[in-house]
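See below for protein34.csv, which holds CSV, C-alpha atoms and all ligand atoms.
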chain,number,residue,atom,x,y,z
A,47,MET,CA,86.4,71.1,75.6
A,48,ILE,CA,88.3,74.0,74.1
A,49,ARG,CA,86.4,77.2,74.1
A,50,LYS,CA,87.7,80.1,72.0
A,51,ASN,CA,86.6,83.7,72.5
A,52,ARG,CA,86.1,85.0,68.9
A,53,GLU,CA,86.8,88.6,69.9
A,54,THR,CA,90.0,88.1,71.8
A,55,GLY,CA,91.2,84.8,70.4
A,56,GLU,CA,91.6,83.5,74.0
A,57,THR,CA,91.1,79.8,74.5
A,58,VAL,CA,90.0,78.1,77.6
A,59,GLY,CA,90.3,74.3,78.0
A,60,PHE,CA,88.2,72.4,80.5
A,61,LEU,CA,86.7,69.0,81.0
A,62,MET,CA,83.0,68.2,80.9
A,63,THR,CA,81.7,65.1,82.5
A,64,LEU,CA,78.1,64.0,81.9
A,65,ILE,CA,76.8,61.4,84.4
A,66,PRO,CA,73.3,60.4,83.6
A,67,ASN,CA,71.4,58.6,86.3
A,68,LEU,CA,69.8,55.2,85.8
A,69,SER,CA,66.3,56.2,85.1
A,70,TYR,CA,67.5,58.6,82.4
A,71,ILE,CA,69.8,55.9,80.9
A,72,GLU,CA,66.8,53.6,80.7
A,73,SER,CA,64.5,56.3,79.2
A,74,THR,CA,67.0,57.0,76.4
A,75,HIS,CA,67.2,53.3,75.6
A,76,PHE,CA,70.8,53.3,76.8
A,77,ASP,CA,71.9,56.1,74.6
A,78,PRO,CA,72.0,58.9,77.2
A,79,PHE,CA,74.6,61.0,75.3
A,80,LYS,CA,72.6,61.3,72.1
A,81,LYS,CA,70.8,64.5,73.1
A,82,ASN,CA,73.3,65.9,75.4
A,83,SER,CA,76.4,67.9,74.7
A,84,TYR,CA,78.1,71.1,75.8
A,85,THR,CA,75.7,73.3,73.9
A,86,GLU,CA,72.6,71.1,74.1
A,87,ARG,CA,70.9,69.6,77.1
A,88,ASP,CA,67.9,67.2,76.9
A,89,LYS,CA,65.1,68.7,78.9
A,90,LYS,CA,64.5,65.2,80.4
A,91,LEU,CA,68.1,64.8,81.6
A,92,ASN,CA,68.5,63.4,85.0
A,93,GLY,CA,72.0,63.3,86.4
A,94,TYR,CA,75.0,65.4,86.7
A,95,VAL,CA,77.0,67.7,84.5
A,96,LEU,CA,80.4,68.5,86.0
A,97,TYR,CA,83.1,70.9,84.9
A,98,HIS,CA,86.8,70.6,85.8
A,99,ASP,CA,89.8,72.7,84.7
A,100,MET,CA,92.7,71.1,82.9
A,101,ASP,CA,94.4,70.3,86.2
A,102,GLY,CA,91.3,68.3,87.3
A,103,ASN,CA,90.1,70.9,89.8
A,104,PHE,CA,86.4,71.0,90.1
A,105,VAL,CA,85.0,74.3,88.8
A,106,ASN,CA,81.3,73.9,88.9
A,107,GLY,CA,78.5,71.6,88.0
A,108,TRP,CA,74.8,71.0,87.7
A,109,MET,CA,72.4,68.4,89.0
A,110,TYR,CA,69.4,67.7,86.8
A,111,ASP,CA,66.5,66.2,88.7
A,112,ASN,CA,63.2,65.8,87.0
A,113,GLY,CA,63.1,69.2,85.4
A,114,HIS,CA,64.8,70.9,88.3
A,115,ILE,CA,68.4,72.1,88.0
A,116,TYR,CA,70.6,72.6,91.0
A,117,ALA,CA,74.0,74.3,90.9
A,118,ILE,CA,76.9,72.6,92.5
A,119,ASN,CA,79.4,75.2,93.4
A,120,PRO,CA,82.9,74.7,94.6
A,121,THR,CA,83.5,75.2,98.3
A,122,GLU,CA,86.1,77.7,99.4
A,123,GLU,CA,88.7,75.0,99.6
A,124,GLY,CA,87.7,73.7,96.2
A,125,ASN,CA,85.0,71.1,96.0
A,126,THR,CA,87.0,68.1,96.9
A,127,GLU,CA,84.1,65.8,96.5
A,128,PHE,CA,84.3,66.3,92.7
A,129,GLN,CA,88.1,66.6,92.3
A,130,LEU,CA,89.5,64.6,89.4
A,131,ARG,CA,92.8,63.7,90.9
A,132,SER,CA,95.0,60.9,91.9
A,133,GLY,CA,94.6,59.6,95.4
A,134,CYS,CA,90.9,59.4,95.0
A,135,ASN,CA,88.5,56.6,95.7
A,136,TRP,CA,86.8,55.3,92.7
A,137,TYR,CA,83.2,54.0,93.0
A,138,THR,CA,81.7,51.9,90.3
A,139,ILE,CA,78.1,50.6,90.0
A,140,GLU,CA,77.0,48.0,87.6
A,141,TYR,CA,73.6,47.8,86.2
A,142,SER,CA,72.1,45.1,84.0
A,143,THR,CA,68.9,45.0,82.2
A,144,TRP,CA,67.3,42.6,79.8
A,145,ASP,CA,65.9,44.0,76.7
A,146,CYS,CA,63.5,41.5,75.2
A,147,HIS,CA,61.2,41.5,72.2
A,148,PRO,CA,59.0,38.9,70.6
A,149,THR,CA,60.1,37.1,67.5
A,150,ALA,CA,58.1,35.2,64.9
A,151,GLU,CA,59.3,32.9,62.1
A,152,TRP,CA,57.4,32.5,58.9
A,153,GLU,CA,57.9,30.0,56.1
A,154,SER,CA,56.0,30.3,52.8
A,155,GLY,CA,53.3,32.4,54.6
A,156,VAL,CA,53.0,29.9,57.4
A,157,LEU,CA,53.9,30.7,61.0
A,158,THR,CA,56.4,28.2,62.0
A,159,GLY,CA,57.5,29.4,65.3
A,160,ILE,CA,57.3,32.1,68.0
A,161,GLY,CA,59.7,33.1,70.7
A,162,VAL,CA,61.4,35.8,72.7
A,163,VAL,CA,64.8,37.1,72.0
A,164,CYS,CA,66.5,38.9,74.9
A,165,GLN,CA,69.6,40.9,75.1
A,166,LYS,CA,71.5,41.7,78.3
A,167,ASN,CA,72.6,45.3,78.6
A,168,HIS,CA,75.4,45.9,81.0
A,169,ILE,CA,76.1,49.5,82.3
A,170,GLU,CA,79.0,50.4,84.4
A,171,MET,CA,79.3,53.8,85.9
A,172,THR,CA,82.4,55.1,87.7
A,173,TRP,CA,83.0,58.2,89.7
A,174,SER,CA,85.5,59.4,92.2
A,175,SER,CA,85.7,60.9,95.6
A,176,CYS,CA,88.9,62.5,96.8
A,177,SER,CA,90.6,63.2,100.0
A,178,MET,CA,90.9,66.7,101.4
A,179,GLU,CA,94.6,67.1,100.7
A,180,ASP,CA,96.0,69.3,98.0
A,181,SER,CA,92.9,71.3,97.5
A,182,SER,CA,94.6,74.6,97.4
A,183,GLY,CA,93.9,77.1,94.7
A,184,ALA,CA,90.2,76.9,94.1
A,185,PRO,CA,89.8,77.2,90.3
A,186,PRO,CA,88.6,80.5,89.0
A,187,ALA,CA,84.9,81.0,88.9
A,188,GLY,CA,83.4,82.8,85.9
A,189,ASP,CA,84.1,80.5,83.1
A,190,ILE,CA,81.9,77.5,82.5
A,191,ILE,CA,79.3,78.6,85.1
A,192,LEU,CA,75.9,78.3,83.6
A,193,PRO,CA,73.6,81.2,84.4
A,194,GLY,CA,70.5,80.6,86.4
A,195,GLY,CA,70.6,76.9,86.1
A,196,VAL,CA,68.9,76.8,82.7
A,197,ASN,CA,70.1,74.9,79.7
A,198,ASN,CA,72.1,77.8,78.5
A,199,LEU,CA,75.6,78.3,77.2
A,200,PRO,CA,78.2,79.4,79.7
A,201,THR,CA,78.6,83.1,80.3
A,202,PRO,CA,81.7,84.8,78.9
A,203,SER,CA,84.7,85.3,81.1
A,204,SER,CA,84.1,87.8,83.8
A,205,VAL,CA,87.7,88.1,84.8
A,206,ALA,CA,89.2,91.6,84.9
A,207,PRO,CA,86.7,93.3,82.6
A,208,GLN,CA,88.1,96.8,83.0
A,209,ALA,CA,91.7,95.6,82.3
A,210,LYS,CA,90.6,93.5,79.4
A,211,ARG,CA,88.9,96.5,77.8
A,212,ILE,CA,92.3,98.1,77.1
A,213,PHE,CA,94.9,95.3,77.6
A,214,ARG,CA,95.6,91.9,76.1
A,215,ASN,CA,97.9,89.0,77.0
A,216,SER,CA,96.8,85.5,76.1
A,217,ASN,CA,99.4,83.9,78.4
A,218,MET,CA,98.7,85.9,81.6
A,219,ALA,CA,97.5,84.0,84.7
A,220,ILE,CA,94.2,85.0,86.2
A,221,ASP,CA,95.8,86.2,89.4
A,222,ARG,CA,97.8,88.7,87.3
A,223,TRP,CA,94.7,89.8,85.6
A,224,ASN,CA,93.0,90.3,88.9
A,225,SER,CA,95.9,92.3,90.2
A,226,LEU,CA,95.8,94.5,87.1
A,227,GLU,CA,92.1,94.9,87.5
A,228,ASN,CA,92.6,96.1,91.1
A,229,MET,CA,95.1,98.6,90.0
A,230,ILE,CA,92.8,99.9,87.3
A,231,ASN,CA,89.9,100.1,89.8
A,232,LYS,CA,92.1,102.2,92.0
A,233,ILE,CA,93.1,104.4,89.1
A,234,ILE,CA,89.5,105.0,88.0
A,235,SER,CA,88.5,106.0,91.5
A,236,ASP,CA,90.5,109.1,90.9
A,237,CYS,CA,88.9,111.7,88.6
A,238,LEU,CA,92.0,112.3,86.5
A,239,GLY,CA,92.6,108.5,86.4
A,240,MET,CA,89.1,107.8,85.2
A,241,SER,CA,89.4,110.5,82.6
A,242,MET,CA,92.7,109.1,81.4
A,243,TYR,CA,91.3,105.5,81.3
A,244,ASN,CA,88.3,106.5,79.3
A,245,ALA,CA,90.3,108.6,76.9
A,246,LEU,CA,92.8,105.8,76.4
A,247,ALA,CA,90.0,103.3,75.8
A,248,SER,CA,88.3,105.5,73.2
A,249,ALA,CA,91.7,106.3,71.5
A,250,LEU,CA,92.2,102.5,71.3
A,251,ASN,CA,88.8,102.2,69.7
A,252,GLY,CA,88.3,98.5,70.5
A,253,LYS,CA,92.0,97.6,70.1
A,254,THR,CA,94.1,96.6,73.1
A,255,LEU,CA,97.6,97.3,74.3
A,256,ILE,CA,99.9,94.4,75.2
A,257,ILE,CA,100.5,94.1,78.9
A,258,GLU,CA,103.0,92.0,80.7
A,259,PHE,CA,104.5,91.8,84.1
A,260,VAL,CA,108.3,91.8,84.2
A,261,ASN,CA,110.5,90.5,87.0
A,262,GLY,CA,113.5,92.7,87.9
A,263,ASN,CA,112.9,95.3,85.3
A,264,PRO,CA,111.4,98.8,85.7
A,265,SER,CA,108.0,99.5,84.2
A,266,GLY,CA,107.9,101.0,80.7
A,267,PHE,CA,105.8,101.8,77.7
A,268,THR,CA,107.1,100.8,74.2
A,269,TYR,CA,105.7,103.0,71.5
A,270,THR,CA,106.6,100.7,68.6
A,271,SER,CA,104.8,97.7,70.0
A,272,SER,CA,102.0,99.5,71.9
A,273,SER,CA,102.9,97.6,75.0
A,274,ILE,CA,103.3,98.2,78.7
A,275,SER,CA,105.6,96.3,80.9
A,276,LEU,CA,104.9,96.5,84.6
A,277,ASP,CA,107.2,95.8,87.5
A,278,MET,CA,106.0,93.3,90.1
A,279,SER,CA,105.3,96.0,92.8
A,280,GLY,CA,101.6,96.0,92.0
A,281,GLU,CA,101.6,99.8,92.5
A,282,SER,CA,98.8,101.5,90.6
A,283,ASN,CA,100.8,104.8,90.3
A,284,ARG,CA,103.3,103.1,88.0
A,285,LEU,CA,100.6,101.7,85.8
A,286,PHE,CA,99.1,105.2,85.8
A,287,HIS,CA,102.4,106.6,84.5
A,288,GLU,CA,102.6,104.0,81.6
A,289,MET,CA,99.0,104.4,80.7
A,290,TRP,CA,99.6,108.1,80.5
A,291,HIS,CA,102.4,107.5,78.0
A,292,ALA,CA,100.1,105.2,76.0
A,293,TYR,CA,97.5,108.0,75.9
A,294,GLN,CA,100.2,110.6,74.9
A,295,SER,CA,101.3,108.4,72.1
A,296,TYR,CA,97.8,108.6,70.5
A,297,GLN,CA,98.2,112.4,70.4
A,298,GLU,CA,101.4,112.2,68.5
A,299,THR,CA,102.7,110.9,65.1
A,300,ALA,CA,105.3,108.2,64.5
A,301,SER,CA,107.9,111.0,64.1
A,302,SER,CA,106.8,113.4,66.8
A,303,TYR,CA,106.5,110.9,69.5
A,304,PRO,CA,110.2,109.7,69.6
A,305,SER,CA,111.5,113.3,69.1
A,306,SER,CA,109.7,114.5,72.3
A,307,THR,CA,110.0,111.6,74.7
A,308,LEU,CA,111.5,113.8,77.5
A,309,ASN,CA,108.7,116.2,77.1
A,310,HIS,CA,106.3,113.3,77.6
A,311,GLU,CA,108.2,112.2,80.7
A,312,PHE,CA,107.7,115.6,82.3
A,313,GLU,CA,104.0,115.4,81.9
A,314,SER,CA,103.7,111.7,82.8
A,315,TRP,CA,105.7,112.2,86.0
A,316,TYR,CA,103.7,115.2,87.0
A,317,ALA,CA,100.4,113.4,86.3
A,318,GLN,CA,101.6,110.4,88.3
A,319,TYR,CA,102.6,112.7,91.2
A,320,LEU,CA,99.2,114.4,91.2
A,321,TYR,CA,97.6,111.0,91.3
A,322,ILE,CA,99.7,109.5,94.0
A,323,SER,CA,99.7,112.5,96.2
A,324,ARG,CA,95.9,112.2,96.4
A,325,LEU,CA,96.0,108.6,97.6
A,326,PRO,CA,95.5,108.0,101.3
A,327,GLU,CA,98.8,106.1,101.7
A,328,TYR,CA,100.7,109.1,100.5
A,329,LYS,CA,101.5,110.8,103.8
A,330,ILE,CA,104.6,112.1,105.6
A,331,GLY,CA,106.8,109.2,106.4
A,332,SER,CA,105.5,106.9,103.7
A,333,LYS,CA,108.0,105.6,101.2
A,334,TRP,CA,106.3,107.5,98.4
A,335,TYR,CA,106.4,110.8,100.2
A,336,ASP,CA,110.1,110.1,101.1
A,337,TRP,CA,110.9,109.4,97.4
A,338,TYR,CA,109.5,112.7,96.2
A,339,TYR,CA,111.5,114.5,98.8
A,340,HIS,CA,114.8,112.6,98.4
A,341,SER,CA,115.3,111.5,94.9
A,342,LYS,CA,116.5,113.6,92.0
A,343,ILE,CA,113.4,113.0,89.8
A,344,GLY,CA,111.1,113.2,92.8
A,345,LEU,CA,112.4,116.6,93.8
A,346,ALA,CA,112.3,117.9,90.2
A,347,VAL,CA,108.7,116.7,89.6
A,348,GLN,CA,107.5,118.0,92.9
A,349,LYS,CA,108.8,121.4,92.0
A,350,PHE,CA,106.5,121.4,89.0
A,351,LYS,CA,103.7,122.2,91.3
A,352,THR,CA,105.1,125.7,91.9
A,353,PHE,CA,104.7,126.3,88.1
A,354,ILE,CA,101.6,124.4,87.2
A,355,ASP,CA,98.5,123.3,89.1
A,356,ALA,CA,96.5,120.1,88.9
A,357,LYS,CA,94.4,121.4,86.0
A,358,GLY,CA,97.3,122.5,83.9
A,359,ASN,CA,97.1,126.2,84.7
A,360,LEU,CA,100.5,127.9,84.6
A,361,LEU,CA,101.0,129.6,87.9
A,362,GLN,CA,104.0,131.8,87.1
A,363,GLY,CA,103.3,132.2,83.3
A,364,GLU,CA,104.7,130.3,80.4
A,365,SER,CA,108.3,131.5,80.3
A,366,ALA,CA,109.2,130.7,83.9
A,367,PHE,CA,108.0,127.1,83.6
A,368,LYS,CA,109.6,126.8,80.1
A,369,ASP,CA,113.0,128.0,81.5
A,370,TYR,CA,112.8,125.3,84.2
A,371,LEU,CA,111.9,122.6,81.7
A,372,ASP,CA,114.7,123.6,79.4
A,373,LYS,CA,117.2,123.4,82.2
A,374,LEU,CA,115.9,119.9,83.2
A,375,SER,CA,116.5,118.8,79.6
A,376,LEU,CA,120.2,119.6,79.8
A,377,PRO,CA,122.8,116.9,80.4
A,378,GLY,CA,123.8,116.8,84.1
A,379,SER,CA,120.3,118.1,85.3
A,380,ASP,CA,118.5,116.3,88.1
A,381,PHE,CA,116.2,114.8,85.6
A,382,ARG,CA,118.9,113.5,83.3
A,383,ASN,CA,120.9,112.2,86.2
A,384,GLY,CA,117.8,110.6,87.7
A,385,GLY,CA,117.6,108.1,84.9
A,386,TYR,CA,117.1,109.9,81.6
A,387,GLN,CA,120.7,110.4,80.6
A,388,SER,CA,120.3,109.2,77.1
A,389,THR,CA,119.6,112.2,74.8
A,390,LEU,CA,118.9,109.8,72.0
A,391,LEU,CA,116.3,107.7,73.8
A,392,TYR,CA,114.9,110.8,75.7
A,393,GLN,CA,114.8,113.5,73.2
A,394,TYR,CA,113.7,117.0,74.2
A,395,ASP,CA,111.7,119.1,71.7
A,396,GLY,CA,112.6,122.6,72.9
A,397,ASN,CA,110.2,124.1,70.4
A,398,ARG,CA,107.3,123.1,72.4
A,399,THR,CA,105.8,125.5,74.9
A,400,ALA,CA,105.4,124.5,78.5
A,401,ALA,CA,101.6,124.7,78.0
A,402,TYR,CA,101.9,122.3,75.1
A,403,ASP,CA,104.0,119.9,77.1
A,404,PHE,CA,101.2,119.6,79.6
A,405,LYS,CA,98.2,119.8,77.2
A,406,ASN,CA,97.0,116.3,78.0
A,407,LEU,CA,96.8,117.2,81.7
A,408,THR,CA,94.8,120.3,80.8
A,409,ASN,CA,92.4,118.3,78.6
A,410,LEU,CA,92.0,115.3,80.8
A,411,SER,CA,91.5,117.3,84.0
A,412,LYS,CA,88.8,119.5,82.5
A,413,ASN,CA,85.9,117.8,84.4
A,414,CYS,CA,87.8,117.2,87.6
A,415,GLN,CA,87.9,119.5,90.6
B,1,ZN,ZN,107.9,107.4,81.6
Re-express the file's structure as structure tokens.
Ligand SMILES: [Zn+2]
Amino acid sequence: MIRKNRETGETVGFLMTLIPNLSYIESTHFDPFKKNSYTERDKKLNGYVLYHDMDGNFVNGWMYDNGHIYAINPTEEGNTEFQLRSGCNWYTIEYSTWDCHPTAEWESGVLTGIGVVCQKNHIEMTWSSCSMEDSSGAPPAGDIILPGGVNNLPTPSSVAPQAKRIFRNSNMAIDRWNSLENMINKIISDCLGMSMYNALASALNGKTLIIEFVNGNPSGFTYTSSSISLDMSGESNRLFHEMWHAYQSYQETASSYPSSTLNHEFESWYAQYLYISRLPEYKIGSKWYDWYYHSKIGLAVQKFKTFIDAKGNLLQGESAFKDYLDKLSLPGSDFRNGGYQSTLLYQYDGNRTAAYDFKNLTNLSKNCQ
């Protein structure tokens, strides 16, 4: 079976096995598959319906027994009893019946002979039972599971719903989706994070951003492709920073965004700092705390808090903060030296006020304490 999600275009491949039992085979006159398919199930079906993923791992199944339907769920180790793998024992049963009906021969209106014609039907059923070895990686639940044991269609994928609301990647493994979902759940437990997530989702208006995990590269947001690359650290604060950029990009035009990327970095870094400094793991001695007190960018960003509070209020007025930001935009500043050297890639729009540079923080923190 290949199932395609019409909304996302995602396809899922899996195997469906229908094993009717003998009484059902008989009741259907040896045509047990006629009324049974993925989308249809005969109410009188007796037997098993099993689902396996494309590697042969058992996902889930159903036993139909005289109108009762029982779920067969994988055990924590994966249900080895239903594994479709090599190294399994195969069982076969054979079943024969005679199907007979009377015959009569007529010739010119006269009965010339009667008899019985019989046909032998031979049924062979085979199934497998596997050893316990190599049962790691229980397949993902969610797909293919039929709700409530009724003859219904499978439920849609329940993997990473929050992440899939704003991100897409048809090639990403489920554990990556789950890791992304965990990060998003952490982000939305923070008021500002929740506000940003919702604002980004509504700006996307049903569309999604491309997401990918990159090995050995830093995280980044690419404006032209609306995509986020995430490093492998699994740290939600880095995703937070890139999601903030994505949100920022929806407040800009195709020309204003690239001409103010350094301005965006100031706000993204500060929002990320506000977020991470509220997390319980951010404490004296932690690597995050150390980073903000020992790196060039960290020190510069941390100093923002003397100019602006968590709700975007300017603490020393506009010009004091603006002077500081202007200085950070110059070649040789801590910010430039900390990774934003390129004045072409990281352009500073000096016409913007400090309040304007942090307008998204002001807007998104409105309903937060
Ligand atoms: Zn950035």
Counting only C-alpha atoms, which residues sit no farther than 8 Å from the position (77.1, 70.2, 77.1) in the file's frame? I'd like them as a list in words.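 Using only C-alpha atoms, the matching residues come out as Met62, Leu64, Asn82, Ser83, Tyr84, Thr85, Glu86, Arg87 and Val95 of chain A.
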Keeping only C-alpha atoms, write the selected residues as a PDB file, in the coordinates of the input.
ATOM      1  CA  MET A  62      83.000  68.200  80.900  1.00  0.00           C
ATOM      2  CA  LEU A  64      78.100  64.000  81.900  1.00  0.00           C
ATOM      3  CA  ASN A  82      73.300  65.900  75.400  1.00  0.00           C
ATOM      4  CA  SER A  83      76.400  67.900  74.700  1.00  0.00           C
ATOM      5  CA  TYR A  84      78.100  71.100  75.800  1.00  0.00           C
ATOM      6  CA  THR A  85      75.700  73.300  73.900  1.00  0.00           C
ATOM      7  CA  GLU A  86      72.600  71.100  74.100  1.00  0.00           C
ATOM      8  CA  ARG A  87      70.900  69.600  77.100  1.00  0.00           C
ATOM      9  CA  VAL A  95      77.000  67.700  84.500  1.00  0.00           C
TER      10      VAL A  95
END
Point out the residue among A:Leu410, A:Met229, A:Ile274, A:Ala366 with the least atom-to-atom distance to ligand ZN 1 (chain B), counting only C-alpha atoms and all ligand atoms.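 Nearest candidate to ligand ZN 1 (chain B) out of A:Leu410, A:Met229, A:Ile274, A:Ala366: A:Ile274.
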As a quick test: using all atoms listed in the file, which residues lie no more than 9 Å away from ligand ZN 1 (chain B)? Give them as a list in words.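 Written in the requested form, the residues are Ser265, Gly266, Phe267, Arg284, His287, Glu288, Trp290, His291, Thr307, Leu308, His310, Glu311, Phe312, Glu313, Ser314 and Trp315 of chain A.
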Selection: 10 Å around Ala346 of chain A, only C-alpha atoms, excl. self and same-chain fewer than 2 positions, as a count of residues only: 20
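Going from atom CA of Asn92 of chain A to atom CA of Asn112 of chain A covers 6.2 Å.
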